[in-house]
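Asker: Dropping in model-v4.txt, with compact mmCIF, C-alpha atoms.
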# COMPACT_ATOMS: atom_id res chain seq x y z
CA MET A 1 42.37 36.18 29.57
CA SER A 2 45.24 34.26 27.97
CA TYR A 3 48.96 34.65 28.47
CA LEU A 4 52.30 33.41 27.24
CA VAL A 5 54.71 32.39 30.00
CA ILE A 6 58.36 33.13 29.25
CA GLN A 7 61.03 31.93 31.66
CA GLY A 8 64.66 30.91 31.66
CA LEU A 9 67.95 31.13 33.50
CA GLU A 10 68.25 34.70 32.19
CA VAL A 11 65.50 36.59 30.39
CA GLU A 12 66.76 39.69 28.62
CA THR A 13 64.53 42.74 28.07
CA PRO A 14 65.15 42.84 24.29
CA ASP A 15 63.97 39.22 24.04
CA LEU A 16 60.80 40.00 25.98
CA LYS A 17 60.01 42.97 23.76
CA ALA A 18 60.67 40.95 20.63
CA LEU A 19 58.45 38.10 21.84
CA ALA A 20 55.67 40.50 22.84
CA LYS A 21 55.72 41.98 19.34
CA LEU A 22 55.93 38.55 17.72
CA CYS A 23 52.87 37.15 19.52
CA GLY A 24 50.92 40.43 19.68
CA ALA A 25 50.78 40.57 23.47
CA SER A 26 49.09 43.58 25.09
CA ARG A 27 51.49 43.89 28.05
CA ILE A 28 54.36 42.23 29.90
CA GLU A 29 54.09 41.31 33.59
CA GLY A 30 56.96 40.11 35.74
CA ILE A 31 55.84 37.23 37.95
CA GLY A 32 59.09 36.17 39.57
CA HIS A 33 62.83 35.83 39.02
CA ASN A 34 63.36 35.54 35.26
CA ALA A 35 59.69 34.69 34.66
CA PHE A 36 57.11 36.79 32.81
CA TRP A 37 53.55 36.69 31.53
CA LEU A 38 52.85 38.20 28.12
CA HIS A 39 49.13 38.96 28.29
CA ASP A 40 46.50 38.48 25.58
CA PHE A 41 48.73 37.00 22.87
CA ARG A 42 47.16 36.80 19.42
CA THR A 43 49.36 34.25 17.66
CA GLU A 44 51.78 31.43 18.48
CA ALA A 45 53.66 31.70 15.19
CA GLY A 46 57.42 31.96 15.53
CA VAL A 47 57.53 31.87 19.33
CA ALA A 48 58.95 28.35 19.67
CA GLU A 49 61.71 29.09 17.19
CA TYR A 50 62.62 32.38 18.86
CA CYS A 51 62.71 30.81 22.32
CA ALA A 52 64.91 27.95 21.11
CA GLY A 53 67.45 30.47 19.86
CA ALA A 54 67.30 32.53 23.05
CA LYS A 55 67.36 29.43 25.34
CA LEU A 56 64.01 30.27 26.93
CA ASP A 57 61.12 28.08 27.99
CA PHE A 58 57.61 29.08 26.97
CA ALA A 59 54.03 28.03 27.61
CA PHE A 60 50.85 29.28 25.98
CA ILE A 61 48.13 29.37 28.64
CA ARG A 62 44.72 29.61 27.02
CA GLU A 63 42.78 28.46 30.06
CA PRO A 64 44.03 30.39 33.11
CA ARG A 65 43.80 28.28 36.26
CA LYS A 66 45.13 28.34 39.80
CA LEU A 67 47.46 25.60 41.01
CA SER A 68 44.85 24.82 43.66
CA ASP A 69 42.43 23.87 40.87
CA PHE A 70 44.49 20.70 40.46
CA ARG A 71 44.40 17.72 42.83
CA LEU A 72 47.40 15.53 41.97
CA LEU A 73 51.02 15.95 40.84
CA VAL A 74 52.72 12.84 39.45
CA MET A 75 56.48 12.81 38.85
CA ASP A 76 59.06 10.43 37.50
CA MET A 77 62.17 10.07 39.68
CA ASP A 78 65.37 9.45 37.67
CA SER A 79 66.50 12.50 35.68
CA THR A 80 63.31 14.28 36.77
CA LEU A 81 62.93 14.64 40.54
CA ILE A 82 66.61 13.74 40.92
CA THR A 83 69.50 14.51 38.60
CA ILE A 84 70.85 10.98 38.11
CA GLU A 85 69.76 7.65 36.65
CA THR A 86 69.95 5.58 39.83
CA ILE A 87 70.67 2.26 38.16
CA ASP A 88 73.54 3.75 36.14
CA GLU A 89 75.17 5.02 39.33
CA MET A 90 74.62 1.67 41.06
CA ALA A 91 76.27 -0.05 38.11
CA ASP A 92 79.22 2.31 38.47
CA LEU A 93 79.82 0.84 41.92
CA VAL A 94 80.43 -2.57 40.32
CA GLY A 95 82.33 -1.27 37.29
CA HIS A 96 79.53 -1.59 34.71
CA LYS A 97 78.32 2.00 34.34
CA ALA A 98 79.14 2.50 30.66
CA GLU A 99 77.33 -0.61 29.43
CA VAL A 100 74.33 -0.07 31.73
CA ALA A 101 74.06 3.63 30.87
CA ALA A 102 74.00 2.75 27.17
CA VAL A 103 71.05 0.42 27.72
CA THR A 104 69.30 3.04 29.86
CA ALA A 105 69.66 5.64 27.12
CA GLN A 106 68.21 3.27 24.53
CA ALA A 107 65.25 2.50 26.78
CA MET A 108 64.54 6.17 27.52
CA ARG A 109 64.54 6.92 23.79
CA GLY A 110 62.08 4.08 23.27
CA GLU A 111 64.48 2.06 21.13
CA ILE A 112 64.30 -1.19 23.13
CA GLU A 113 61.60 -2.89 25.18
CA TYR A 114 61.67 -1.54 28.74
CA ASP A 115 61.21 -4.75 30.78
CA GLU A 116 64.00 -6.48 28.88
CA SER A 117 66.28 -3.47 29.35
CA LEU A 118 65.61 -3.30 33.07
CA ARG A 119 66.30 -7.00 33.64
CA ARG A 120 69.59 -6.66 31.73
CA ARG A 121 70.63 -3.66 33.79
CA VAL A 122 69.59 -5.17 37.14
CA ALA A 123 71.53 -8.36 36.35
CA ALA A 124 74.69 -6.23 36.27
CA LEU A 125 74.12 -5.38 39.96
CA ARG A 126 74.55 -8.99 41.13
CA GLY A 127 76.92 -9.11 44.08
CA LEU A 128 76.68 -5.42 44.98
CA PRO A 129 76.40 -5.05 48.78
CA GLU A 130 73.08 -3.61 49.89
CA SER A 131 75.04 -1.22 52.10
CA ALA A 132 76.33 0.46 48.92
CA LEU A 133 72.92 2.08 48.54
CA GLU A 134 73.64 4.21 51.61
CA HIS A 135 76.74 5.58 49.88
CA LEU A 136 74.83 6.14 46.65
CA TYR A 137 71.99 7.98 48.36
CA THR A 138 74.17 10.27 50.45
CA GLU A 139 76.88 10.92 47.84
CA ARG A 140 75.14 10.85 44.45
CA VAL A 141 71.41 11.46 44.79
CA GLU A 142 70.76 15.16 44.24
CA LEU A 143 67.39 16.82 43.77
CA SER A 144 66.87 18.55 40.44
CA PRO A 145 66.91 22.36 40.43
CA GLY A 146 63.72 23.80 41.88
CA ALA A 147 62.46 20.45 43.22
CA GLU A 148 62.04 21.50 46.83
CA ARG A 149 60.42 24.81 45.89
CA LEU A 150 58.03 22.98 43.58
CA ILE A 151 57.02 20.52 46.28
CA GLU A 152 56.53 23.28 48.83
CA GLY A 153 54.31 25.22 46.42
CA VAL A 154 52.30 22.15 45.47
CA LYS A 155 51.72 21.29 49.12
CA ARG A 156 50.55 24.84 49.85
CA ALA A 157 48.02 24.42 47.06
CA GLU A 158 46.95 21.14 48.73
CA LEU A 159 47.73 18.77 45.88
CA LYS A 160 48.72 15.19 46.60
CA ILE A 161 52.10 14.05 45.22
CA LEU A 162 52.85 10.67 43.66
CA LEU A 163 56.39 9.59 42.74
CA VAL A 164 56.50 6.85 40.09
CA SER A 165 59.74 5.20 39.06
CA GLY A 166 61.33 2.34 37.23
CA GLY A 167 63.99 2.80 39.90
CA PHE A 168 64.04 1.19 43.28
CA THR A 169 62.35 1.31 46.66
CA HIS A 170 65.72 1.76 48.33
CA VAL A 171 65.68 5.34 46.99
CA THR A 172 62.00 6.18 46.51
CA GLU A 173 61.06 5.37 50.10
CA ARG A 174 63.81 7.64 51.41
CA LEU A 175 62.68 10.45 49.15
CA LYS A 176 59.09 9.93 50.28
CA THR A 177 60.12 10.45 53.89
CA ARG A 178 62.52 13.31 53.18
CA LEU A 179 60.11 15.31 51.02
CA GLY A 180 56.81 14.30 52.59
CA LEU A 181 55.41 12.71 49.43
CA ASP A 182 52.00 11.07 49.61
CA TYR A 183 52.53 8.01 47.41
CA VAL A 184 55.39 6.17 45.69
CA ARG A 185 55.50 3.27 43.24
CA SER A 186 58.80 1.67 42.19
CA ASN A 187 60.65 -1.62 41.74
CA THR A 188 62.04 -3.88 44.47
CA LEU A 189 65.51 -5.38 44.13
CA GLY A 190 66.19 -8.93 45.28
CA VAL A 191 68.57 -9.16 48.24
CA LYS A 192 70.18 -12.27 49.76
CA ASP A 193 72.73 -12.31 52.57
CA GLY A 194 73.16 -8.56 52.32
CA THR A 195 73.93 -8.46 48.59
CA PHE A 196 71.81 -7.84 45.50
CA THR A 197 70.87 -10.95 43.57
CA GLY A 198 70.61 -9.26 40.19
CA GLU A 199 66.88 -9.97 40.08
CA LEU A 200 63.68 -8.03 40.68
CA ILE A 201 60.99 -8.98 43.18
CA GLY A 202 57.38 -8.80 42.06
CA ARG A 203 55.86 -7.11 39.06
CA ILE A 204 58.04 -4.65 37.14
CA VAL A 205 57.03 -1.01 37.37
CA ASN A 206 57.23 -0.13 33.70
CA ALA A 207 55.21 2.32 31.60
CA ASP A 208 51.99 0.45 32.36
CA GLY A 209 52.85 0.25 36.06
CA LYS A 210 53.40 4.00 36.23
CA ARG A 211 50.09 4.63 34.49
CA GLU A 212 48.28 2.27 36.85
CA ALA A 213 49.83 4.01 39.87
CA LEU A 214 48.52 7.35 38.59
CA LEU A 215 45.04 5.95 37.99
CA SER A 216 45.00 4.33 41.44
CA ALA A 217 46.03 7.54 43.20
CA SER A 218 43.59 9.67 41.22
CA GLU A 219 40.74 7.29 42.03
CA LYS A 220 41.70 7.31 45.71
CA ILE A 221 41.42 11.09 45.96
CA GLY A 222 38.67 11.58 43.39
CA ALA A 223 40.78 13.55 40.88
CA THR A 224 39.72 13.84 37.26
CA LYS A 225 42.18 13.88 34.36
CA HIS A 226 41.69 17.65 34.15
CA GLN A 227 43.00 17.93 37.74
CA ILE A 228 46.27 16.01 37.22
CA ILE A 229 49.74 17.36 36.35
CA ALA A 230 52.43 14.89 35.25
CA ILE A 231 56.18 15.45 34.80
CA GLY A 232 58.55 13.04 33.07
CA ASP A 233 61.51 12.76 30.74
CA GLY A 234 61.63 9.34 29.04
CA ALA A 235 59.61 7.17 26.69
CA ASN A 236 58.38 5.00 29.55
CA ASP A 237 56.75 8.09 31.09
CA LEU A 238 54.46 8.75 28.14
CA LYS A 239 51.63 6.49 29.29
CA PHE A 240 51.21 8.13 32.67
CA MET A 241 51.75 11.58 31.20
CA GLY A 242 48.93 10.81 28.76
CA GLU A 243 46.52 10.39 31.68
CA ALA A 244 47.15 13.95 32.92
CA GLY A 245 45.37 17.12 31.89
CA VAL A 246 48.74 18.89 31.87
CA SER A 247 52.01 17.10 31.07
CA ILE A 248 55.49 18.58 31.30
CA ALA A 249 58.58 17.23 29.56
CA TYR A 250 61.50 18.01 31.87
CA ARG A 251 64.93 18.03 30.17
CA ALA A 252 63.33 15.29 28.12
CA LYS A 253 63.98 13.05 25.15
CA PRO A 254 62.57 14.22 21.78
CA VAL A 255 59.83 11.56 21.82
CA VAL A 256 58.51 13.16 25.02
CA TRP A 257 58.84 16.77 23.81
CA GLU A 258 56.54 15.93 20.92
CA LYS A 259 53.68 14.75 23.12
CA ALA A 260 53.88 16.91 26.28
CA THR A 261 51.73 19.96 26.91
CA TYR A 262 54.79 22.02 27.88
CA CYS A 263 58.58 21.52 27.86
CA PHE A 264 61.10 22.71 30.44
CA ASP A 265 64.55 22.64 28.87
CA TYR A 266 66.18 25.41 30.89
CA VAL A 267 64.25 26.26 34.06
CA GLY A 268 64.00 24.06 37.12
CA LEU A 269 61.01 22.01 38.22
CA ASP A 270 59.64 25.05 40.05
CA GLY A 271 58.96 26.58 36.64
CA LEU A 272 55.58 24.86 37.00
CA LEU A 273 54.62 27.40 39.68
CA ASN A 274 54.89 30.19 37.10
CA LEU A 275 52.26 28.60 34.85
CA TYR A 276 49.43 28.82 37.36
CA ALA A 277 49.02 31.72 39.80
Render the structure in this file as structure tokens.

Answerer:
Amino acid sequence: MSYLVIQGLEVETPDLKALAKLCGASRIEGIGHNAFWLHDFRTEAGVAEYCAGAKLDFAFIREPRKLSDFRLLVMDMDSTLITIETIDEMADLVGHKAEVAAVTAQAMRGEIEYDESLRRRVAALRGLPESALEHLYTERVELSPGAERLIEGVKRAELKILLVSGGFTHVTERLKTRLGLDYVRSNTLGVKDGTFTGELIGRIVNADGKREALLSASEKIGATKHQIIAIGDGANDLKFMGEAGVSIAYRAKPVVWEKATYCFDYVGLDGLLNLYA
């Protein structure tokens, strides 16, 4: 059995019928709010173009599996698990958001070397009181749509969850506690006399660091590549996403769309739950 998953903020009946005809599906099955399976599709031709016009997400599932067949979910944090780029918002607190956000955008598109970009952005935080992170966390950190439902579903299926981030332990550790995550890997900011020094402590968690965190967690629990799902949005996520059997580009940059197994441009993170019964 194969099926085409169609989901979006609103899925209209005429669009479903048109897609079923386009792909040669045998029947349409509703599987949740604005989510459908089109069973036994015969062709993929034209589906991506139609869905782009209708603002729908799609996924061709040729190997039906249960979520419980997987062992590990690995997620990026900034602009994936949460809606913001943490360092951009921190820079806003010291009046440097525009310049830092521009560097962040270049790095996420893969236009500049990540370690250099991170050092430049962190340097802009020099002098920011560590206490400002409490304000940032409570006032600006918001979970992405569907994040809590995704995590609840993944836990029910007994997967372990790893959060990897080029962001900072000040945020990742709080999210780990709040959401009951199993593992986190992120960067540590230098602090002296209650203020940030503008430097990083220890090895930078870059694309290689994220990949290594995935490999370490998968080895710890005995998960194969086929049993790993990875979700990210930026160029520095590609290495860890490449180690997963299923990779999802979430509201991602074009360089990530091109390499991911599936793309979520409209639905929330919980759209993953509609791919695997």

Asker: Nearest to A:Leu159: which of A:Tyr250, A:Phe60, A:Phe70, A:Trp37 is it, counting all atoms listed in the file?

Answerer: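 Once distances to A:Leu159 are computed over all atoms listed in the file, the minimum belongs to A:Phe70.
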
Asker: Please, what distance in Å, to one decimal, runs between atom CA of A:Gly198 and atom CA of A:Arg120?

Answerer: 8.9 Å

Asker: Just give me the gap between atom CA of A:Ile84 and atom CA of A:Gly8 in Å, one decimal is fine.

Answerer: 21.8 Å

Asker: Please determine, counting all atoms listed in the file, which residue among A:Asp233, A:Glu116, A:Glu199, A:Asp88 has the shortest atom-to-atom distance to A:Glu258.

Answerer: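 Closest candidate: A:Asp233.
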
Asker: Any idea what's packed within 8 Å of stretch 45-55 of chain A, counting all atoms listed in the file, ignoring anything in its chain fewer than 4 positions away? Could you give it as a list in words?

Answerer: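 Counting all atoms listed in the file, the residues come to Gly8, Asp15, Leu19, Leu22, Cys23 and Tyr266 of chain A.
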
Asker: Find the residues around A:Leu81 up to 8 Å (only C-alpha atoms counted), leave out those fewer than 4 positions away in its own chain, and share them as a list in words.

Answerer: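 Here the answer would be Met75, Asp76, Met77, Leu143, Ser144, Ala147 and Leu269 of chain A.
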
Asker: Using 9 Å as the limit and counting only C-alpha atoms, can you tabulate each residue of stretch 207-236 of chain A that touches stretch 182-192 of chain A, with its shortest atom-to-atom distance in Å and the two atoms involved, as a tab-separated table?

Answerer:
residue	atom	partner	partner_atom	distance
A:Gly209	CA	A:Arg185	CA	8.2
A:Lys210	CA	A:Arg185	CA	7.4
A:Ala213	CA	A:Arg185	CA	6.6
A:Ala217	CA	A:Tyr183	CA	7.8

Asker: Store the residues picked out above, limited to C-alpha atoms, as a PDB file, keeping the file's coordinate frame.

Answerer:
ATOM      1  CA  GLY A 209      52.850   0.250  36.060  1.00  0.00           C
ATOM      2  CA  LYS A 210      53.400   4.000  36.230  1.00  0.00           C
ATOM      3  CA  ALA A 213      49.830   4.010  39.870  1.00  0.00           C
ATOM      4  CA  ALA A 217      46.030   7.540  43.200  1.00  0.00           C
TER       5      ALA A 217
END

Asker: Of the candidates A:Ala235, A:Ile112, A:Leu214, A:Ala252, which one gets nearest to A:Thr80 if we count only C-alpha atoms?

Answerer: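 Closest candidate: A:Ala252.
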